[in-house]
$ cat coords-v4.cif   # mmCIF, C-alpha atoms and all ligand atoms
data_model
#
loop_
_atom_site.label_atom_id
_atom_site.label_comp_id
_atom_site.auth_asym_id
_atom_site.auth_seq_id
_atom_site.Cartn_x
_atom_site.Cartn_y
_atom_site.Cartn_z
CA MET A 1 111.71 98.84 88.91
CA SER A 2 109.64 96.78 91.27
CA VAL A 3 106.78 98.24 93.31
CA ARG A 4 107.42 97.71 96.99
CA ILE A 5 104.41 98.00 99.26
CA LEU A 6 104.48 98.24 103.03
CA GLY A 7 101.46 96.35 104.40
CA ILE A 8 99.99 97.05 107.82
CA GLU A 9 97.49 94.72 109.54
CA SER A 10 95.78 95.29 112.91
CA SER A 11 92.21 94.00 112.50
CA CYS A 12 92.18 91.53 115.37
CA ASP A 13 94.89 90.26 117.71
CA GLU A 14 98.00 90.33 115.52
CA THR A 15 99.98 93.50 114.88
CA ALA A 16 101.72 92.88 111.58
CA ALA A 17 103.82 94.69 108.98
CA ALA A 18 105.45 93.38 105.80
CA VAL A 19 107.10 94.53 102.61
CA VAL A 20 106.09 92.76 99.40
CA ALA A 21 107.55 93.47 95.96
CA ASP A 22 105.23 93.40 92.93
CA GLY A 23 102.55 91.64 94.91
CA ARG A 24 104.44 88.36 94.90
CA GLU A 25 107.83 88.50 96.57
CA ILE A 26 107.87 88.77 100.36
CA LEU A 27 110.84 90.90 101.42
CA SER A 28 109.85 90.80 105.09
CA SER A 29 106.90 89.76 107.23
CA VAL A 30 106.72 90.52 110.94
CA VAL A 31 103.86 89.43 113.19
CA ALA A 32 103.51 90.35 116.88
CA SER A 33 100.91 88.02 118.31
CA GLN A 34 98.82 88.99 121.33
CA ILE A 35 97.96 85.42 122.28
CA ASP A 36 99.60 85.79 125.71
CA VAL A 37 97.50 88.85 126.46
CA HIS A 38 94.17 87.21 125.60
CA ARG A 39 94.93 83.68 126.80
CA LYS A 40 93.49 83.99 130.26
CA TYR A 41 90.17 85.22 128.83
CA GLY A 42 89.94 82.36 126.30
CA GLY A 43 89.24 84.84 123.49
CA VAL A 44 90.18 88.26 122.13
CA VAL A 45 89.32 91.20 124.44
CA PRO A 46 88.82 94.18 122.08
CA GLU A 47 89.97 96.87 124.54
CA LEU A 48 93.20 95.01 125.30
CA ALA A 49 93.77 94.33 121.59
CA SER A 50 93.69 98.07 120.75
CA ARG A 51 96.10 98.84 123.57
CA GLU A 52 98.54 96.16 122.42
CA HIS A 53 98.39 97.36 118.80
CA LEU A 54 99.32 100.84 120.04
CA ARG A 55 102.32 99.41 121.85
CA GLN A 56 103.45 97.23 118.95
CA ILE A 57 102.75 99.13 115.75
CA VAL A 58 105.88 101.30 115.66
CA PRO A 59 108.44 98.55 116.49
CA VAL A 60 106.72 96.06 114.17
CA VAL A 61 106.80 98.43 111.17
CA ARG A 62 110.39 99.35 111.98
CA GLU A 63 111.38 95.67 112.11
CA ALA A 64 109.64 94.91 108.80
CA LEU A 65 111.63 97.68 107.09
CA LEU A 66 114.85 96.56 108.73
CA GLN A 67 114.36 92.96 107.57
CA ALA A 68 113.58 94.18 104.05
CA GLY A 69 116.75 96.32 104.15
CA MET A 70 114.75 99.44 103.33
CA LYS A 71 114.13 102.93 104.55
CA LEU A 72 110.60 104.26 104.90
CA GLU A 73 111.23 106.72 102.04
CA GLU A 74 111.91 103.80 99.67
CA VAL A 75 108.44 102.33 100.06
CA ASP A 76 106.24 102.95 96.97
CA ALA A 77 102.89 102.73 98.73
CA ILE A 78 101.31 101.82 102.05
CA GLY A 79 98.54 99.22 102.20
CA VAL A 80 96.44 99.07 105.32
CA THR A 81 93.56 96.87 106.48
CA GLN A 82 90.35 98.90 106.46
CA GLY A 83 88.04 96.12 107.74
CA PRO A 84 86.36 93.88 108.66
CA GLY A 85 87.57 93.55 112.23
CA LEU A 86 87.50 95.19 115.65
CA VAL A 87 87.00 98.91 115.20
CA GLY A 88 89.49 100.04 117.88
CA ALA A 89 92.11 97.61 116.59
CA LEU A 90 91.62 98.65 112.94
CA LEU A 91 91.90 102.33 113.86
CA VAL A 92 95.43 101.87 115.20
CA GLY A 93 96.74 100.53 111.87
CA ILE A 94 94.71 102.98 109.80
CA THR A 95 95.79 106.02 111.79
CA TYR A 96 99.41 104.96 111.61
CA GLY A 97 99.20 104.14 107.90
CA LYS A 98 97.50 107.45 107.10
CA THR A 99 100.08 109.39 109.08
CA LEU A 100 102.99 107.66 107.35
CA ALA A 101 101.43 108.14 103.92
CA GLN A 102 100.88 111.81 104.54
CA ALA A 103 104.27 112.50 106.10
CA LEU A 104 106.08 110.66 103.29
CA GLY A 105 103.80 111.78 100.46
CA LYS A 106 103.11 108.13 99.49
CA PRO A 107 99.88 106.60 98.17
CA LEU A 108 97.64 104.88 100.72
CA VAL A 109 95.80 101.72 99.63
CA PRO A 110 92.79 100.50 101.64
CA VAL A 111 92.60 96.69 101.85
CA ASN A 112 89.81 94.34 102.85
CA HIS A 113 91.18 91.85 105.38
CA LEU A 114 89.32 88.98 103.68
CA GLU A 115 90.86 89.88 100.33
CA GLY A 116 94.18 89.64 102.16
CA HIS A 117 93.38 86.03 103.08
CA VAL A 118 92.63 85.27 99.41
CA HIS A 119 95.93 86.82 98.37
CA ALA A 120 97.79 84.71 100.94
CA VAL A 121 96.94 81.73 98.73
CA PHE A 122 98.20 83.47 95.59
CA LEU A 123 101.42 84.58 97.30
CA GLU A 124 102.24 81.00 98.13
CA ALA A 125 101.18 79.72 94.72
CA HIS A 126 103.28 82.32 92.84
CA LYS A 127 106.27 81.23 94.91
CA ALA A 128 105.68 77.61 93.95
CA GLY A 129 105.16 78.60 90.30
CA ARG A 130 101.65 77.16 90.13
CA THR A 131 98.97 79.83 89.97
CA PRO A 132 95.38 78.74 90.67
CA LYS A 133 93.14 78.79 87.62
CA LEU A 134 90.04 80.93 87.93
CA PRO A 135 87.14 80.92 88.55
CA ALA A 136 87.72 79.42 91.97
CA VAL A 137 85.80 78.84 95.13
CA CYS A 138 87.52 80.24 98.22
CA LEU A 139 86.77 79.25 101.81
CA ILE A 140 88.05 81.74 104.39
CA VAL A 141 87.95 80.07 107.75
CA SER A 142 89.39 81.64 110.89
CA GLY A 143 88.54 82.70 114.44
CA GLY A 144 86.50 85.61 113.14
CA HIS A 145 85.21 84.39 109.77
CA THR A 146 83.77 81.40 107.99
CA VAL A 147 82.74 82.53 104.54
CA LEU A 148 82.65 81.08 101.06
CA TYR A 149 83.27 83.13 97.89
CA GLU A 150 83.39 82.65 94.19
CA VAL A 151 86.60 84.34 92.98
CA LYS A 152 87.06 85.57 89.40
CA THR A 153 89.05 88.12 87.49
CA GLU A 154 87.24 90.77 85.50
CA ASP A 155 87.64 88.83 82.24
CA CYS A 156 88.86 85.47 83.64
CA SER A 157 92.10 85.95 81.71
CA ALA A 158 95.45 84.59 82.85
CA LEU A 159 96.15 85.63 86.37
CA ASP A 160 99.13 87.64 87.47
CA ALA A 161 99.72 89.46 90.75
CA SER A 162 98.26 92.72 89.43
CA ALA A 163 94.91 91.24 88.36
CA LEU A 164 91.95 92.75 90.21
CA LEU A 165 89.84 89.98 91.65
CA ARG A 166 86.05 89.96 91.86
CA TYR A 167 84.11 88.23 94.59
CA ARG A 168 80.63 86.82 95.03
CA LYS A 169 79.63 85.63 98.46
CA LEU A 170 78.13 82.13 98.33
CA GLY A 171 77.60 81.40 102.01
CA GLN A 172 78.75 82.30 105.49
CA THR A 173 78.35 81.23 109.08
CA ARG A 174 75.06 82.10 110.70
CA ASP A 175 76.63 82.20 114.15
CA ASP A 176 80.13 81.21 115.32
CA ALA A 177 83.17 81.03 113.06
CA ALA A 178 84.80 77.58 112.89
CA GLY A 179 87.92 78.83 114.72
CA GLU A 180 85.70 80.31 117.41
CA ALA A 181 84.09 76.88 117.89
CA TYR A 182 87.58 75.35 118.27
CA ASP A 183 88.49 78.02 120.83
CA LYS A 184 85.26 77.60 122.82
CA VAL A 185 85.45 73.79 122.88
CA ALA A 186 89.10 73.95 123.99
CA LYS A 187 88.09 76.37 126.73
CA LEU A 188 85.31 74.16 128.09
CA LEU A 189 87.61 71.11 128.02
CA ALA A 190 90.44 73.10 129.70
CA LEU A 191 92.84 72.66 126.80
CA GLY A 192 94.14 76.22 126.56
CA TYR A 193 93.97 79.03 124.01
CA PRO A 194 93.91 79.21 121.05
CA GLY A 195 92.04 75.93 120.72
CA GLY A 196 92.67 75.03 117.08
CA PRO A 197 96.31 73.92 117.14
CA ILE A 198 96.01 71.78 120.28
CA LEU A 199 92.69 70.14 119.29
CA ASP A 200 94.18 69.41 115.86
CA ARG A 201 97.05 67.51 117.45
CA LEU A 202 94.97 65.81 120.13
CA ALA A 203 92.52 64.57 117.48
CA ALA A 204 95.47 63.04 115.62
CA ALA A 205 96.59 61.36 118.85
CA ALA A 206 93.18 59.74 119.47
CA ASP A 207 93.02 55.97 119.01
CA SER A 208 90.03 54.22 117.47
CA ALA A 209 87.97 54.22 120.70
CA PRO A 210 84.31 54.79 119.84
CA ALA A 211 83.15 58.39 120.05
CA PRO A 212 81.29 59.04 123.34
CA VAL A 213 78.75 61.10 121.38
CA LYS A 214 78.01 61.49 117.66
CA PHE A 215 77.63 64.81 115.92
CA GLY A 216 75.64 64.96 112.70
CA THR A 217 75.88 67.55 109.94
CA THR A 218 74.26 70.84 110.94
CA LYS A 219 71.35 71.74 108.72
CA THR A 220 71.04 75.40 107.81
CA ARG A 221 67.60 76.37 106.55
CA GLY A 222 67.58 78.64 103.52
CA ASN A 223 70.97 78.82 101.87
CA PRO A 224 72.52 75.30 101.87
CA LEU A 225 75.98 76.88 101.58
CA ASP A 226 75.64 78.69 104.93
CA PHE A 227 77.53 77.26 107.91
CA SER A 228 76.60 76.99 111.58
CA PHE A 229 78.90 75.93 114.41
CA SER A 230 77.26 77.15 117.60
CA GLY A 231 74.96 74.09 117.82
CA LEU A 232 77.98 71.79 117.62
CA LYS A 233 79.76 73.72 120.38
CA THR A 234 76.62 73.57 122.54
CA ALA A 235 76.29 69.82 121.92
CA VAL A 236 79.87 69.36 123.19
CA LEU A 237 79.07 71.55 126.20
CA TYR A 238 75.92 69.57 127.15
CA HIS A 239 77.68 66.25 126.67
CA VAL A 240 80.57 67.33 128.92
CA ARG A 241 78.22 68.77 131.56
CA GLU A 242 76.17 65.57 131.65
CA THR A 243 79.19 63.27 131.94
CA SER A 244 80.70 63.36 135.41
CA GLU A 245 83.67 61.25 134.25
CA TYR A 246 85.22 64.34 132.63
CA GLU A 247 85.22 66.41 135.83
CA GLU A 248 88.45 65.22 137.38
CA GLU A 249 90.59 65.40 134.25
CA ILE A 250 89.22 68.87 133.47
CA ARG A 251 90.25 69.98 136.97
CA ASN A 252 93.70 68.48 136.44
CA ARG A 253 94.14 70.28 133.15
CA GLU A 254 92.95 73.56 134.64
CA GLU A 255 95.68 73.22 137.26
CA ALA A 256 98.27 72.38 134.59
CA LEU A 257 97.26 75.42 132.52
CA ALA A 258 97.47 77.60 135.63
CA ARG A 259 101.06 76.38 136.01
CA GLY A 260 101.72 77.43 132.41
CA GLU A 261 101.80 73.82 131.12
CA ARG A 262 100.01 74.02 127.80
CA LYS A 263 102.21 72.00 125.44
CA LEU A 264 100.90 68.88 123.76
CA GLU A 265 103.25 66.62 125.71
CA GLN A 266 102.04 68.18 128.97
CA LEU A 267 98.31 68.05 128.21
CA LEU A 268 98.11 64.76 126.32
CA PRO A 269 98.84 62.56 129.41
CA LEU A 270 96.03 64.41 131.19
CA CYS A 271 93.46 63.45 128.52
CA SER A 272 91.50 60.20 128.82
CA PRO A 273 90.88 58.11 125.65
CA LYS A 274 87.25 59.24 125.95
CA THR A 275 88.25 62.93 125.79
CA LEU A 276 90.51 62.26 122.81
CA ALA A 277 87.67 60.45 121.03
CA LEU A 278 85.37 63.41 121.79
CA VAL A 279 87.92 65.84 120.31
CA ARG A 280 88.32 63.59 117.25
CA GLU A 281 84.53 63.49 116.77
CA PHE A 282 84.28 67.31 117.13
CA GLN A 283 87.02 67.83 114.55
CA ASN A 284 85.44 65.28 112.19
CA ALA A 285 82.18 67.22 112.35
CA VAL A 286 83.85 70.60 111.66
CA VAL A 287 86.02 69.30 108.83
CA ARG A 288 83.17 67.32 107.23
CA ASP A 289 80.97 70.41 107.23
CA LEU A 290 83.60 72.81 105.85
CA VAL A 291 84.69 70.42 103.10
CA GLN A 292 81.18 69.29 102.18
CA ARG A 293 79.71 72.76 101.62
CA THR A 294 82.81 74.09 99.87
CA MET A 295 83.00 71.14 97.48
CA THR A 296 79.24 71.33 96.79
CA ALA A 297 79.74 74.96 95.74
CA ALA A 298 82.85 74.09 93.70
CA GLU A 299 81.02 71.33 91.84
CA GLU A 300 77.86 73.37 91.25
CA LEU A 301 79.89 76.24 89.81
CA ASP A 302 82.18 73.86 87.98
CA VAL A 303 85.26 75.82 89.03
CA GLU A 304 88.88 74.91 88.31
CA SER A 305 90.34 75.46 91.77
CA VAL A 306 89.50 75.47 95.44
CA LEU A 307 91.29 77.95 97.72
CA VAL A 308 91.32 77.58 101.52
CA SER A 309 92.70 80.32 103.76
CA GLY A 310 92.52 81.73 107.34
CA GLY A 311 93.78 80.36 110.66
CA VAL A 312 91.78 77.12 110.52
CA ALA A 313 93.31 76.35 107.09
CA ALA A 314 96.38 75.31 109.12
CA ASN A 315 94.39 72.26 110.32
CA SER A 316 96.03 69.04 109.14
CA GLN A 317 92.85 67.01 108.81
CA LEU A 318 91.13 69.82 106.90
CA ARG A 319 94.06 69.99 104.48
CA ALA A 320 94.19 66.23 103.95
CA THR A 321 90.41 65.94 103.47
CA PHE A 322 90.32 68.82 100.98
CA GLU A 323 93.24 67.32 99.02
CA GLU A 324 91.41 64.02 98.79
CA ARG A 325 88.00 65.44 97.85
CA ALA A 326 89.38 67.93 95.32
CA LYS A 327 91.45 65.23 93.66
CA SER A 328 88.47 62.97 93.17
CA ALA A 329 86.49 65.95 91.79
CA GLY A 330 89.33 66.70 89.33
CA MET A 331 90.07 70.08 90.89
CA GLU A 332 93.19 71.56 92.40
CA VAL A 333 93.18 72.76 95.99
CA PHE A 334 95.48 75.55 97.23
CA PHE A 335 96.39 76.58 100.78
CA PRO A 336 98.82 79.20 102.03
CA SER A 337 101.72 77.94 104.16
CA ARG A 338 100.82 77.77 107.84
CA ALA A 339 102.59 81.10 108.49
CA LEU A 340 100.51 82.82 105.82
CA SER A 341 97.27 81.08 106.89
CA THR A 342 96.96 83.06 110.11
CA ASP A 343 96.77 86.86 110.14
CA ASN A 344 99.82 88.59 108.64
CA ALA A 345 100.63 91.73 106.68
CA ALA A 346 102.29 90.12 103.64
CA MET A 347 98.81 89.15 102.45
CA ILE A 348 97.67 92.77 102.97
CA ALA A 349 100.61 94.16 100.97
CA ALA A 350 99.94 91.59 98.20
CA ALA A 351 96.25 92.52 98.02
CA ALA A 352 97.22 96.21 98.03
CA TYR A 353 99.38 95.72 94.93
CA SER A 354 96.53 94.97 92.51
CA ARG A 355 94.48 97.86 93.93
CA PHE A 356 97.48 100.18 93.69
CA ARG A 357 97.95 99.21 90.03
CA ALA A 358 94.26 99.87 89.43
CA GLY A 359 94.53 103.29 91.11
CA ILE A 360 92.23 102.42 94.02
CA LEU A 361 93.63 104.73 96.68
CA ALA A 362 92.41 106.32 99.89
CA ASP A 363 92.96 109.79 101.30
CA THR A 364 93.12 111.10 104.84
CA ARG A 365 89.38 110.53 105.28
CA LEU A 366 89.91 106.75 105.31
CA ASN A 367 88.06 105.27 108.26
CA ALA A 368 87.77 101.81 109.80
CA ASP A 369 84.84 99.72 108.59
CA PRO A 370 84.27 96.85 111.07
CA SER A 371 81.87 95.05 108.70
CA LEU A 372 83.43 95.91 105.34
CA ALA A 373 82.01 93.63 102.64
CA LEU A 374 84.14 91.93 99.99
CA VAL A 375 82.85 92.56 96.48
O1 LIG B 1 93.29 83.87 110.93
P1 LIG B 1 93.57 83.87 112.40
O2 LIG B 1 94.99 84.01 112.86
O3 LIG B 1 92.81 85.04 113.12
C1 LIG B 1 91.51 85.40 112.85
O4 LIG B 1 91.30 86.22 111.91
O5 LIG B 1 90.64 84.85 113.57
O6 LIG B 1 92.90 82.54 112.98
C2 LIG B 1 92.94 82.17 114.33
C3 LIG B 1 91.99 81.00 114.52
C4 LIG B 1 91.81 80.59 115.99
O7 LIG B 1 90.43 80.43 116.24
C5 LIG B 1 92.55 79.26 116.08
O8 LIG B 1 92.02 78.39 117.06
C6 LIG B 1 92.38 78.71 114.68
O9 LIG B 1 92.48 79.84 113.84
N1 LIG B 1 93.43 77.73 114.33
C7 LIG B 1 93.17 76.43 114.06
C8 LIG B 1 94.43 75.81 113.83
N2 LIG B 1 95.41 76.77 113.96
C9 LIG B 1 94.77 77.94 114.26
N3 LIG B 1 92.02 75.75 114.01
C10 LIG B 1 92.09 74.44 113.73
N4 LIG B 1 93.24 73.77 113.51
C11 LIG B 1 94.43 74.41 113.55
N5 LIG B 1 95.57 73.75 113.34
ZN ZN B 2 92.02 86.89 109.47
#
$ encode --input "coords-v4.cif" --output "structure tokens"
Amino acid sequence: MSVRILGIESSCDETAAAVVADGREILSSVVASQIDVHRKYGGVVPELASREHLRQIVPVVREALLQAGMKLEEVDAIGVTQGPGLVGALLVGITYGKTLAQALGKPLVPVNHLEGHVHAVFLEAHKAGRTPKLPAVCLIVSGGHTVLYEVKTEDCSALDASALLRYRKLGQTRDDAAGEAYDKVAKLLALGYPGGPILDRLAAAADSAPAPVKFGTTKTRGNPLDFSFSGLKTAVLYHVRETSEYEEEIRNREEALARGERKLEQLLPLCSPKTLALVREFQNAVVRDLVQRTMTAAEELDVESVLVSGGVAANSQLRATFEERAKSAGMEVFFPSRALSTDNAAMIAAAAYSRFRAGILADTRLNADPSLALV
């Protein structure tokens, strides 16, 4: 009999529920995004996020069960994100998960959201029948996190979905997450929210016009595997402020966004070649930095595989650059599909499976931990 786990995720701005069998087969995965709620603020507003989770949690869980063709009583365990994340947002999922577990008499499995992102890679890899060899280096890069881990199993034996993974943090951002930098740069250029997907596509549309400004690699004193993106964002801000040429097109795009026109084909004609070259240069700097530090770690540790997960892992240039660099280093690189890159509950249910098998359970005292570490 397979073990079917209901995963619940509410750490940031996605309310998600999923059912995963044996940590590898996704029976359903439902995500209610709050992008429309937060769009006009250009970032996630914690108070509004909690309120939306409250509104969405019941229908989202119901829909996940419906799509899996299951009743609540048929679930073997409930996995819920304990942290890191926004405390009010986390509490909605945790309270709901605890209540369900108690009412149904089912085990409750606490899951670290970052471990979920790691498992998103394994979920995809299991499906494709090519499991990453460990030890690996894993970059988790999203709107809330930019962090690099070494990932191992207890004894580095063959990996299956029930293997408990061990983590060692190698580096992290000192300030903004990479996705946050994308969102802030898109906001200051009036390109909408979230910034990543649109900047990704605009950078690809840029011709070979010279960059109006050059961004070097950010130096982080101390740990060379730490990241920093706030200086880059500020450099874009100063450049835009000092260049009056951008003013008119920014005004035009603000008006377009106010009319609800935020698609690529609506915004692209409102971008000058200079703006496109600026976006291309910004993306080059982010991608270069993420790939460089991750591959330095991978080579120093002489790992077999490189894993890349989180919302920014959907970036096409990041994927292509990692593929290229990993190939020349003789390593394999693994990403989740785009749907599993951003926040979802299938990754939480998959991570819960190995913990469930190891007997790592929570009781009704489970509380949200906004800065839960991954160990
Ligand atoms: O993992 P996620 O859904 O939520 C967080 O945990 O933050 O990631 C969302 C972040 C946003 O900052 C968004 O701008 C970024 O991922 N993102 C991208 C792309 N798609 C989403 N960044 C760069 N390129 C993309 N294609
Ligand atoms: Zn996330």
$ closest_residue --input "coords-v4.cif" --among "A:Leu100, A:Val60, A:Val118, A:Val213" --to "ligand LIG 1 (chain B)" --atoms "all atoms listed in the file"
A:Val118
$ residues_around --input "coords-v4.cif" --residues "Ala349 of chain A" --least-positions-apart "4" --cutoff "10 Å" --atoms "all atoms listed in the file" --output "ChimeraX atom specification"
/A:4-9,17-24,26,29,77-81,109,111,116,119-120,344-345,353-354,356
$ write_last_selection --input "coords-v4.cif" --atoms "C-alpha atoms" --output "PDB file, keeping the file's coordinate frame"
ATOM      1  CA  ARG A   4     107.420  97.710  96.990  1.00  0.00           C
ATOM      2  CA  ILE A   5     104.410  98.000  99.260  1.00  0.00           C
ATOM      3  CA  LEU A   6     104.480  98.240 103.030  1.00  0.00           C
ATOM      4  CA  GLY A   7     101.460  96.350 104.400  1.00  0.00           C
ATOM      5  CA  ILE A   8      99.990  97.050 107.820  1.00  0.00           C
ATOM      6  CA  GLU A   9      97.490  94.720 109.540  1.00  0.00           C
ATOM      7  CA  ALA A  17     103.820  94.690 108.980  1.00  0.00           C
ATOM      8  CA  ALA A  18     105.450  93.380 105.800  1.00  0.00           C
ATOM      9  CA  VAL A  19     107.100  94.530 102.610  1.00  0.00           C
ATOM     10  CA  VAL A  20     106.090  92.760  99.400  1.00  0.00           C
ATOM     11  CA  ALA A  21     107.550  93.470  95.960  1.00  0.00           C
ATOM     12  CA  ASP A  22     105.230  93.400  92.930  1.00  0.00           C
ATOM     13  CA  GLY A  23     102.550  91.640  94.910  1.00  0.00           C
ATOM     14  CA  ARG A  24     104.440  88.360  94.900  1.00  0.00           C
ATOM     15  CA  ILE A  26     107.870  88.770 100.360  1.00  0.00           C
ATOM     16  CA  SER A  29     106.900  89.760 107.230  1.00  0.00           C
ATOM     17  CA  ALA A  77     102.890 102.730  98.730  1.00  0.00           C
ATOM     18  CA  ILE A  78     101.310 101.820 102.050  1.00  0.00           C
ATOM     19  CA  GLY A  79      98.540  99.220 102.200  1.00  0.00           C
ATOM     20  CA  VAL A  80      96.440  99.070 105.320  1.00  0.00           C
ATOM     21  CA  THR A  81      93.560  96.870 106.480  1.00  0.00           C
ATOM     22  CA  VAL A 109      95.800 101.720  99.630  1.00  0.00           C
ATOM     23  CA  VAL A 111      92.600  96.690 101.850  1.00  0.00           C
ATOM     24  CA  GLY A 116      94.180  89.640 102.160  1.00  0.00           C
ATOM     25  CA  HIS A 119      95.930  86.820  98.370  1.00  0.00           C
ATOM     26  CA  ALA A 120      97.790  84.710 100.940  1.00  0.00           C
ATOM     27  CA  ASN A 344      99.820  88.590 108.640  1.00  0.00           C
ATOM     28  CA  ALA A 345     100.630  91.730 106.680  1.00  0.00           C
ATOM     29  CA  TYR A 353      99.380  95.720  94.930  1.00  0.00           C
ATOM     30  CA  SER A 354      96.530  94.970  92.510  1.00  0.00           C
ATOM     31  CA  PHE A 356      97.480 100.180  93.690  1.00  0.00           C
TER      32      PHE A 356
END
$ residues_around --input "coords-v4.cif" --residues "segment 143-156 of chain A" --least-positions-apart "3" --cutoff "8 Å" --atoms "only C-alpha atoms" --output "PyMOL selection string"
chain A and resi 134-140+159+163-173+177-180+183+225+227+294+311-312
$ residues_near_ligand --input "coords-v4.cif" --ligand "ligand ZN 2 (chain B)" --cutoff "7 Å" --atoms "all atoms listed in the file" --output "ChimeraX atom specification"
/A:113-114,117,142,144,310-311,342-343
$ write_last_selection --input "coords-v4.cif" --atoms "C-alpha atoms" --output "compact mmCIF listing (two decimals), in the frame of the given file"
# COMPACT_ATOMS: atom_id res chain seq x y z
CA HIS A 113 91.18 91.85 105.38
CA LEU A 114 89.32 88.98 103.68
CA HIS A 117 93.38 86.03 103.08
CA SER A 142 89.39 81.64 110.89
CA GLY A 144 86.50 85.61 113.14
CA GLY A 310 92.52 81.73 107.34
CA GLY A 311 93.78 80.36 110.66
CA THR A 342 96.96 83.06 110.11
CA ASP A 343 96.77 86.86 110.14
$ closest_residue --input "coords-v4.cif" --among "A:Leu123, A:Val291, A:Ala205, A:Leu361" --to "Glu265 of chain A" --atoms "only C-alpha atoms"
A:Ala205
$ residues_around --input "coords-v4.cif" --residues "segment 42-47 of chain A" --least-positions-apart "4" --cutoff "12 Å" --atoms "all atoms listed in the file" --output "PyMOL selection string"
chain A and resi 10-14+33-38+51-54+85-92+143-144+179-195+257
$ axis_aligned_box --input "coords-v4.cif" --around "ligand LIG 1 (chain B)" --padding-each-side "5 Å" --output "AutoDock Vina command-line options"
--center_x 93.0 --center_y 80.0 --center_z 114.0 --size_x 15.1 --size_y 22.5 --size_z 16.1
$ closest_residue --input "coords-v4.cif" --among "A:Ser162, A:Thr217, A:Thr296, A:Thr15" --to "ligand LIG 1 (chain B)" --atoms "all atoms listed in the file"
A:Thr15
$ closest_residue --input "coords-v4.cif" --among "A:Thr275, A:Gln266, A:Gln317, A:Thr131" --to "Arg288 of chain A" --atoms "all atoms listed in the file"
A:Gln317
$ atom_distance --input "coords-v4.cif" --atom1 "atom CA of Val121 of chain A" --atom2 "atom CA of Ser341 of chain A"
8.2 Å
$ closest_residue --input "coords-v4.cif" --among "A:Gly83, A:Pro273, A:Gly196, A:Gly359" --to "ligand LIG 1 (chain B)" --atoms "only C-alpha atoms and all ligand atoms"
A:Gly196
$ residues_around --input "coords-v4.cif" --residues "Leu372 of chain A" --least-positions-apart "3" --cutoff "8 Å" --atoms "all atoms listed in the file" --output "PyMOL selection string"
chain A and resi 82-84+112+369
$ closest_residue --input "coords-v4.cif" --among "A:Leu237, A:Ala358, A:Ala320, A:Ala313" --to "ligand LIG 1 (chain B)" --atoms "only C-alpha atoms and all ligand atoms"
A:Ala313
$ atom_distance --input "coords-v4.cif" --atom1 "atom CA of Pro269 of chain A" --atom2 "atom CA of Gln283 of chain A"
19.7 Å
$ atom_distance --input "coords-v4.cif" --atom1 "atom CA of Met347 of chain A" --atom2 "atom C9 of ligand LIG 1 (chain B)"
16.8 Å
$ residues_around --input "coords-v4.cif" --residues "Val286 of chain A" --least-positions-apart "4" --cutoff "8 Å" --atoms "all atoms listed in the file" --output "list in words"
Ala178, Phe229, Phe282 and Leu290 of chain A
$ residues_near_point --input "coords-v4.cif" --point "(93.8, 72.2, 96.1)" --cutoff "9 Å" --atoms "all atoms listed in the file" --output "list in words"
Pro132, Ser305, Val306, Leu307, Val308, Arg319, Phe322, Glu323, Glu324, Ala326, Lys327, Met331, Glu332, Val333, Phe334 and Phe335 of chain A
